[in-house]
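Listing of data-v3.csv, CSV, C-alpha atoms
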chain,number,residue,atom,x,y,z
D,1,VAL,CA,14.9,10.7,12.6
D,2,LEU,CA,12.5,12.6,10.4
D,3,PRO,CA,12.0,11.5,6.8
D,4,TYR,CA,13.4,13.6,4.0
D,5,ASP,CA,9.9,14.1,2.7
D,6,GLY,CA,6.9,14.1,5.1
D,7,VAL,CA,5.0,11.6,3.0
D,8,TYR,CA,7.8,9.0,3.2
D,9,TRP,CA,6.9,8.1,6.8
D,10,THR,CA,4.8,5.2,5.3
D,11,LEU,CA,7.8,3.6,3.7
D,12,ALA,CA,9.0,2.1,7.0
D,13,TYR,CA,5.7,0.2,7.4
D,14,GLU,CA,5.7,-1.0,3.8
D,15,ILE,CA,9.3,-2.2,4.0
D,16,PHE,CA,8.6,-4.0,7.3
D,17,PHE,CA,5.5,-5.8,5.9
D,18,TYR,CA,7.1,-6.8,2.6
D,19,GLY,CA,10.2,-7.9,4.5
D,20,ILE,CA,8.1,-10.3,6.5
D,21,VAL,CA,6.5,-11.6,3.2
D,22,PHE,CA,10.0,-12.0,1.7
D,23,GLY,CA,11.1,-13.9,4.8
D,24,LEU,CA,8.1,-16.3,4.5
D,25,ILE,CA,9.0,-16.9,0.9
D,26,LEU,CA,12.6,-17.7,1.7
D,27,PHE,CA,11.6,-20.1,4.4
D,28,ARG,CA,9.2,-21.7,1.9
D,29,VAL,CA,6.1,-21.2,4.0
D,30,ARG,CA,3.1,-22.6,2.1
D,31,GLN,CA,-0.2,-20.6,2.0
D,32,ILE,CA,1.4,-17.3,2.9
D,33,GLU,CA,-2.0,-15.5,2.8
D,34,LYS,CA,-3.4,-17.9,5.3
D,35,MET,CA,-0.4,-17.5,7.6
D,36,LEU,CA,-0.7,-13.7,7.5
D,37,LEU,CA,-4.5,-13.7,8.1
D,38,SER,CA,-4.2,-16.0,11.1
D,39,ALA,CA,-0.8,-15.5,12.8
D,40,GLY,CA,-0.4,-11.9,11.6
D,41,CYS,CA,-3.9,-11.0,12.9
D,42,ALA,CA,-3.1,-12.5,16.3
D,43,VAL,CA,0.3,-10.7,16.5
D,44,LEU,CA,-1.2,-7.3,15.7
D,45,LEU,CA,-4.0,-7.7,18.2
D,46,LEU,CA,-1.4,-8.3,20.9
D,47,LEU,CA,0.8,-5.5,19.6
D,48,ALA,CA,-2.2,-3.1,19.7
D,49,TYR,CA,-2.1,-3.2,23.5
D,50,PHE,CA,1.3,-1.6,23.5
D,51,MET,CA,1.4,0.3,20.2
D,52,LEU,CA,-2.1,1.0,18.9
D,53,SER,CA,-1.1,3.4,16.2
D,54,GLU,CA,1.6,1.2,14.7
D,55,ALA,CA,-0.6,-1.9,14.9
D,56,SER,CA,-3.5,-0.1,13.2
D,57,TYR,CA,-1.3,0.9,10.3
D,58,LEU,CA,0.0,-2.6,9.8
D,59,ALA,CA,-3.6,-3.9,10.0
D,60,LEU,CA,-4.3,-2.1,6.7
D,61,PHE,CA,-1.9,-4.5,4.9
D,62,LEU,CA,-3.8,-7.5,6.3
D,63,ILE,CA,-7.1,-6.0,5.2
D,64,GLY,CA,-5.7,-5.8,1.7
D,65,VAL,CA,-4.6,-9.4,1.9
D,66,GLY,CA,-8.1,-10.3,3.0
D,67,PHE,CA,-9.7,-8.5,0.1
D,68,TYR,CA,-7.4,-10.3,-2.3
D,69,VAL,CA,-8.1,-13.7,-0.8
D,70,LEU,CA,-11.9,-13.1,-0.8
D,71,GLY,CA,-11.6,-12.1,-4.5
D,72,GLN,CA,-9.9,-15.4,-5.2
D,73,GLY,CA,-12.7,-17.3,-3.3
D,74,ARG,CA,-10.2,-18.9,-0.9
D,75,HIS,CA,-10.2,-19.1,3.0
D,76,VAL,CA,-13.5,-17.2,3.1
D,77,VAL,CA,-14.3,-17.7,6.8
D,78,LEU,CA,-10.7,-16.9,7.9
D,79,ALA,CA,-10.5,-13.9,5.6
D,80,ILE,CA,-13.8,-12.4,6.8
D,81,GLY,CA,-13.0,-13.0,10.5
D,82,SER,CA,-9.5,-11.5,10.1
D,83,MET,CA,-10.8,-8.5,8.2
D,84,VAL,CA,-13.5,-7.7,10.7
D,85,LEU,CA,-10.9,-7.7,13.5
D,86,MET,CA,-8.3,-5.7,11.5
D,87,MET,CA,-10.9,-3.2,10.3
D,88,ALA,CA,-11.9,-2.6,13.9
D,89,LEU,CA,-8.3,-2.2,14.9
D,90,ALA,CA,-7.6,0.2,12.0
D,91,VAL,CA,-10.7,2.3,12.8
D,92,ALA,CA,-9.8,2.5,16.5
D,93,GLY,CA,-6.3,3.7,15.5
D,94,ALA,CA,-7.9,6.3,13.2
D,95,TYR,CA,-10.1,7.5,16.0
D,96,VAL,CA,-7.2,7.9,18.5
D,97,ARG,CA,-4.9,9.7,16.0
D,98,ALA,CA,-7.6,12.1,14.9
D,99,GLU,CA,-8.3,13.0,18.5
D,100,ALA,CA,-4.6,13.5,19.2
D,101,LEU,CA,-4.4,15.9,16.2
D,102,GLY,CA,-7.3,17.9,17.5
D,103,PHE,CA,-9.9,16.6,15.0
D,104,SER,CA,-13.1,14.7,15.5
D,105,GLY,CA,-12.2,11.0,16.3
D,106,LEU,CA,-15.6,10.0,15.1
D,107,ALA,CA,-15.1,11.7,11.8
D,108,GLY,CA,-11.8,10.0,11.3
D,109,ALA,CA,-13.2,6.6,12.1
D,110,VAL,CA,-16.2,7.1,9.8
D,111,ILE,CA,-14.1,8.3,6.9
D,112,LEU,CA,-11.8,5.2,7.1
D,113,GLY,CA,-14.9,2.9,7.5
D,114,CYS,CA,-16.4,4.5,4.3
D,115,LEU,CA,-13.1,3.9,2.5
D,116,PHE,CA,-13.3,0.2,3.4
D,117,LEU,CA,-16.8,0.1,2.0
D,118,VAL,CA,-15.9,1.8,-1.2
D,119,PHE,CA,-12.9,-0.5,-1.7
D,120,GLY,CA,-15.1,-3.5,-1.0
D,121,LEU,CA,-17.6,-2.4,-3.7
D,122,LEU,CA,-14.8,-1.9,-6.2
D,123,THR,CA,-13.0,-5.2,-5.5
D,124,LEU,CA,-15.8,-7.6,-4.4
D,125,GLY,CA,-19.1,-6.0,-5.4
D,126,PRO,CA,-20.8,-5.6,-8.8
D,127,LEU,CA,-18.4,-2.9,-9.7
D,128,SER,CA,-15.6,-5.4,-9.7
D,129,LYS,CA,-17.0,-7.0,-12.8
D,130,LYS,CA,-16.8,-3.8,-14.8
D,131,ALA,CA,-13.8,-3.4,-17.0
D,132,VAL,CA,-12.5,0.2,-16.9
D,133,ARG,CA,-10.2,1.0,-19.7
D,134,GLY,CA,-6.8,2.3,-18.5
D,135,ALA,CA,-7.6,1.5,-14.9
D,136,ARG,CA,-4.3,-0.4,-14.4
D,137,ASP,CA,-2.3,2.5,-15.8
D,138,ILE,CA,-4.1,5.0,-13.6
D,139,GLY,CA,-3.5,2.8,-10.6
D,140,LEU,CA,0.2,2.6,-11.4
D,141,ILE,CA,0.4,6.4,-11.5
D,142,THR,CA,-1.0,6.9,-8.0
D,143,TYR,CA,2.0,5.6,-6.0
D,144,PRO,CA,4.7,7.7,-7.7
D,145,LEU,CA,2.4,10.6,-7.6
D,146,TYR,CA,2.0,10.1,-3.8
D,147,LEU,CA,5.8,9.9,-3.4
D,148,LEU,CA,6.7,12.9,-5.6
D,149,HIS,CA,3.9,15.4,-5.1
D,150,SER,CA,4.9,16.9,-1.8
D,151,LYS,CA,8.4,18.5,-2.2
D,152,ILE,CA,8.4,18.8,-5.9
D,153,GLY,CA,4.9,20.0,-6.2
D,154,THR,CA,5.4,22.5,-3.3
D,155,ALA,CA,8.6,23.8,-4.9
D,156,LEU,CA,6.9,24.3,-8.3
D,157,MET,CA,4.0,26.1,-6.7
D,158,ASP,CA,6.5,28.5,-4.9
D,159,GLN,CA,8.4,29.1,-8.2
D,160,LEU,CA,5.3,30.2,-10.1
D,161,GLY,CA,4.9,33.9,-9.7
D,162,PRO,CA,1.9,35.9,-8.4
D,163,GLN,CA,0.8,36.5,-12.0
D,164,PHE,CA,-0.7,33.1,-11.9
D,165,GLY,CA,-3.9,32.6,-9.8
D,166,TRP,CA,-4.2,29.7,-7.3
D,167,ALA,CA,-6.4,27.6,-9.6
D,168,ILE,CA,-4.0,28.0,-12.5
D,169,LYS,CA,-1.0,27.0,-10.3
D,170,VAL,CA,-2.8,23.9,-9.0
D,171,THR,CA,-3.8,22.9,-12.6
D,172,MET,CA,-0.4,23.4,-14.1
D,173,VAL,CA,1.5,21.7,-11.3
D,174,GLY,CA,-1.1,18.9,-11.1
D,175,VAL,CA,-0.8,18.1,-14.8
D,176,PHE,CA,3.0,18.2,-14.6
D,177,MET,CA,3.1,15.9,-11.6
D,178,VAL,CA,0.7,13.4,-13.2
D,179,LEU,CA,2.9,13.3,-16.3
D,180,CYS,CA,6.0,12.8,-14.2
D,181,SER,CA,4.3,10.0,-12.3
D,182,TRP,CA,3.2,8.3,-15.5
D,183,LEU,CA,6.8,8.5,-16.8
D,184,VAL,CA,8.1,7.0,-13.5
D,185,SER,CA,5.6,4.2,-13.7
D,186,ARG,CA,6.6,3.4,-17.2
D,187,LEU,CA,10.3,3.3,-16.3
D,188,ASP,CA,9.5,1.1,-13.3
D,189,ILE,CA,7.7,-1.4,-15.5
D,190,ARG,CA,10.1,-1.5,-18.4
D,191,VAL,CA,13.5,-1.1,-16.6
D,192,VAL,CA,13.3,-1.8,-12.8
D,193,GLN,CA,10.7,-4.6,-12.7
D,194,LYS,CA,12.1,-6.2,-15.9
D,195,GLY,CA,15.5,-6.4,-14.3
D,196,LEU,CA,14.3,-7.6,-11.0
D,197,ARG,CA,12.2,-10.4,-12.7
D,198,GLY,CA,15.3,-11.5,-14.6
D,199,LEU,CA,17.3,-11.6,-11.4
D,200,TYR,CA,14.6,-13.5,-9.6
D,201,ARG,CA,14.2,-16.1,-12.3
D,202,ALA,CA,18.0,-16.5,-12.7
D,203,LYS,CA,19.2,-16.4,-9.1
D,204,VAL,CA,16.4,-16.5,-6.5
D,205,ARG,CA,13.8,-18.9,-7.9
D,206,PRO,CA,16.2,-21.8,-8.4
D,207,LEU,CA,17.2,-21.5,-4.7
D,208,LEU,CA,13.5,-21.6,-3.6
D,209,LEU,CA,12.8,-24.6,-5.8
D,210,ALA,CA,15.9,-26.5,-4.8
D,211,PRO,CA,15.3,-29.6,-2.6
D,212,SER,CA,15.5,-28.9,1.1
D,213,THR,CA,18.6,-30.3,2.9
D,214,HIS,CA,16.7,-30.6,6.2
The structure given in the file should be rewritten as structure tokens.
Amino acid sequence: VLPYDGVYWTLAYEIFFYGIVFGLILFRVRQIEKMLLSAGCAVLLLLAYFMLSEASYLALFLIGVGFYVLGQGRHVVLAIGSMVLMMALAVAGAYVRAEALGFSGLAGAVILGCLFLVFGLLTLGPLSKKAVRGARDIGLITYPLYLLHSKIGTALMDQLGPQFGWAIKVTMVGVFMVLCSWLVSRLDIRVVQKGLRGLYRAKVRPLLLAPSTH
């Protein structure tokens, strides 16, 4: 089944990963990050033999966990080892997908490797110590922008007549989409997340903290 919007194909991987995390929380698994970096890494390496593309996408989540753990100064050896393996898996997947799409596999692999390097500098290097005003708000805009830009942005571009040049169309639609994404991010924080936090504290957290009957 094709997704309603082409960019939504990533949601299946996100729901799958966060479903696993939710399951680990429900079963009260301690040190979830350590479990993901060890058992998760082993599972994906085995899965890669049968489904390289899927495993390489999921590897990106474990790489993110690794960056977080290293930033906290915990499980350093495990995090570095897992990240090296998962980065190799992700780069291999990028190479194969680029070749399948008719592009240079080497270029795809190098681009992804450079993105890992930039992310490392931003989160672990000297740049991580620099406070950028509004960085959190900018980051919160990026995800709704990613989800909204394709169909809505394309429709708006099509609606603008030929009297507008290409550069003007892109600027107008781009500004509008950023404003919409900012509004969505604000509503998410003030309405959705606030409600979910209240539900978690009232219903879910007491269950997790209750003494085990086993």
| said: I need the residue nearest D:Arg186 from this list: D:Leu148, D:Phe17, D:Asp137, D:Tyr95. Use all atoms listed in the file for the distance. | reply: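 Smallest separation from D:Arg186 among the options: D:Asp137.
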| message | If I take atom CA of D:Leu112 and atom CA of D:Lys129, how far is one from the other in Å, to one decimal? | response | 23.9 Å
| query | Out of D:Ile32, D:Ala131, D:Ile189, D:Ala48, which residue has the shortest atom-to-atom distance to D:Leu85 when counting all atoms listed in the file? | reply | D:Ala48
| query | So which residues fall inside 12 Å of (2.5, 7.6, -10.9) if we count only C-alpha atoms? Mind giving them as an MDAnalysis selection string? | reply | chainID D and resid 136:149 174:189
Could you list, as a CSV table (one decimal) with C-alpha atoms, keeping the file's coordinate frame, every residue within 12 Å of D:Ile25, counting all atoms listed in the file and ignoring same-chain residues fewer than 3 positions away?
chain,number,residue,atom,x,y,z
D,18,TYR,CA,7.1,-6.8,2.6
D,19,GLY,CA,10.2,-7.9,4.5
D,20,ILE,CA,8.1,-10.3,6.5
D,21,VAL,CA,6.5,-11.6,3.2
D,22,PHE,CA,10.0,-12.0,1.7
D,28,ARG,CA,9.2,-21.7,1.9
D,29,VAL,CA,6.1,-21.2,4.0
D,30,ARG,CA,3.1,-22.6,2.1
D,31,GLN,CA,-0.2,-20.6,2.0
D,32,ILE,CA,1.4,-17.3,2.9
D,33,GLU,CA,-2.0,-15.5,2.8
D,35,MET,CA,-0.4,-17.5,7.6
D,204,VAL,CA,16.4,-16.5,-6.5
D,205,ARG,CA,13.8,-18.9,-7.9
D,207,LEU,CA,17.2,-21.5,-4.7
D,208,LEU,CA,13.5,-21.6,-3.6
D,209,LEU,CA,12.8,-24.6,-5.8
Excluding D:Val96 and any residue of its chain fewer than 6 positions from it, enumerate the residues within 10 Å of it, using all atoms listed in the file, and give them as a PDB file with C-alpha atoms, in the coordinates of the input.
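To be explicit, this is the file written out as around24.pdb:
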ATOM      1  CA  LEU D  52      -2.100   1.000  18.900  1.00  0.00           C
ATOM      2  CA  SER D  53      -1.100   3.400  16.200  1.00  0.00           C
ATOM      3  CA  PHE D 103      -9.900  16.600  15.000  1.00  0.00           C
ATOM      4  CA  SER D 104     -13.100  14.700  15.500  1.00  0.00           C
ATOM      5  CA  GLY D 105     -12.200  11.000  16.300  1.00  0.00           C
ATOM      6  CA  LEU D 106     -15.600  10.000  15.100  1.00  0.00           C
ATOM      7  CA  GLY D 108     -11.800  10.000  11.300  1.00  0.00           C
ATOM      8  CA  ALA D 109     -13.200   6.600  12.100  1.00  0.00           C
TER       9      ALA D 109
END
| message | Can you measure atom CA of D:Ala79 to atom CA of D:Leu37 for me? One decimal in Å is fine. | response | 6.5 Å
| query | What separation in Å, quoted to one decimal, exists between atom CA of D:Gly64 and atom CA of D:Val43? | reply | 16.7 Å
| request: Rank nothing, just name the residue among D:Leu115, D:Ala167, D:Met86, D:Gly40 nearest to D:Ser56, using all atoms listed in the file. | output: D:Met86
Long-range neighbours of D:Thr10 as a PDB file with C-alpha atoms, keeping the file's coordinate frame, 12 Å cut-off, all atoms listed in the file, 2 positions minimum in chain:
ATOM      1  CA  LEU D   2      12.500  12.600  10.400  1.00  0.00           C
ATOM      2  CA  PRO D   3      12.000  11.500   6.800  1.00  0.00           C
ATOM      3  CA  ASP D   5       9.900  14.100   2.700  1.00  0.00           C
ATOM      4  CA  GLY D   6       6.900  14.100   5.100  1.00  0.00           C
ATOM      5  CA  VAL D   7       5.000  11.600   3.000  1.00  0.00           C
ATOM      6  CA  TYR D   8       7.800   9.000   3.200  1.00  0.00           C
ATOM      7  CA  ALA D  12       9.000   2.100   7.000  1.00  0.00           C
ATOM      8  CA  TYR D  13       5.700   0.200   7.400  1.00  0.00           C
ATOM      9  CA  GLU D  14       5.700  -1.000   3.800  1.00  0.00           C
ATOM     10  CA  ILE D  15       9.300  -2.200   4.000  1.00  0.00           C
ATOM     11  CA  PHE D  16       8.600  -4.000   7.300  1.00  0.00           C
ATOM     12  CA  PHE D  17       5.500  -5.800   5.900  1.00  0.00           C
ATOM     13  CA  GLU D  54       1.600   1.200  14.700  1.00  0.00           C
ATOM     14  CA  TYR D  57      -1.300   0.900  10.300  1.00  0.00           C
ATOM     15  CA  LEU D  58       0.000  -2.600   9.800  1.00  0.00           C
ATOM     16  CA  LEU D  60      -4.300  -2.100   6.700  1.00  0.00           C
ATOM     17  CA  PHE D  61      -1.900  -4.500   4.900  1.00  0.00           C
ATOM     18  CA  TYR D 143       2.000   5.600  -6.000  1.00  0.00           C
ATOM     19  CA  TYR D 146       2.000  10.100  -3.800  1.00  0.00           C
ATOM     20  CA  LEU D 147       5.800   9.900  -3.400  1.00  0.00           C
TER      21      LEU D 147
END
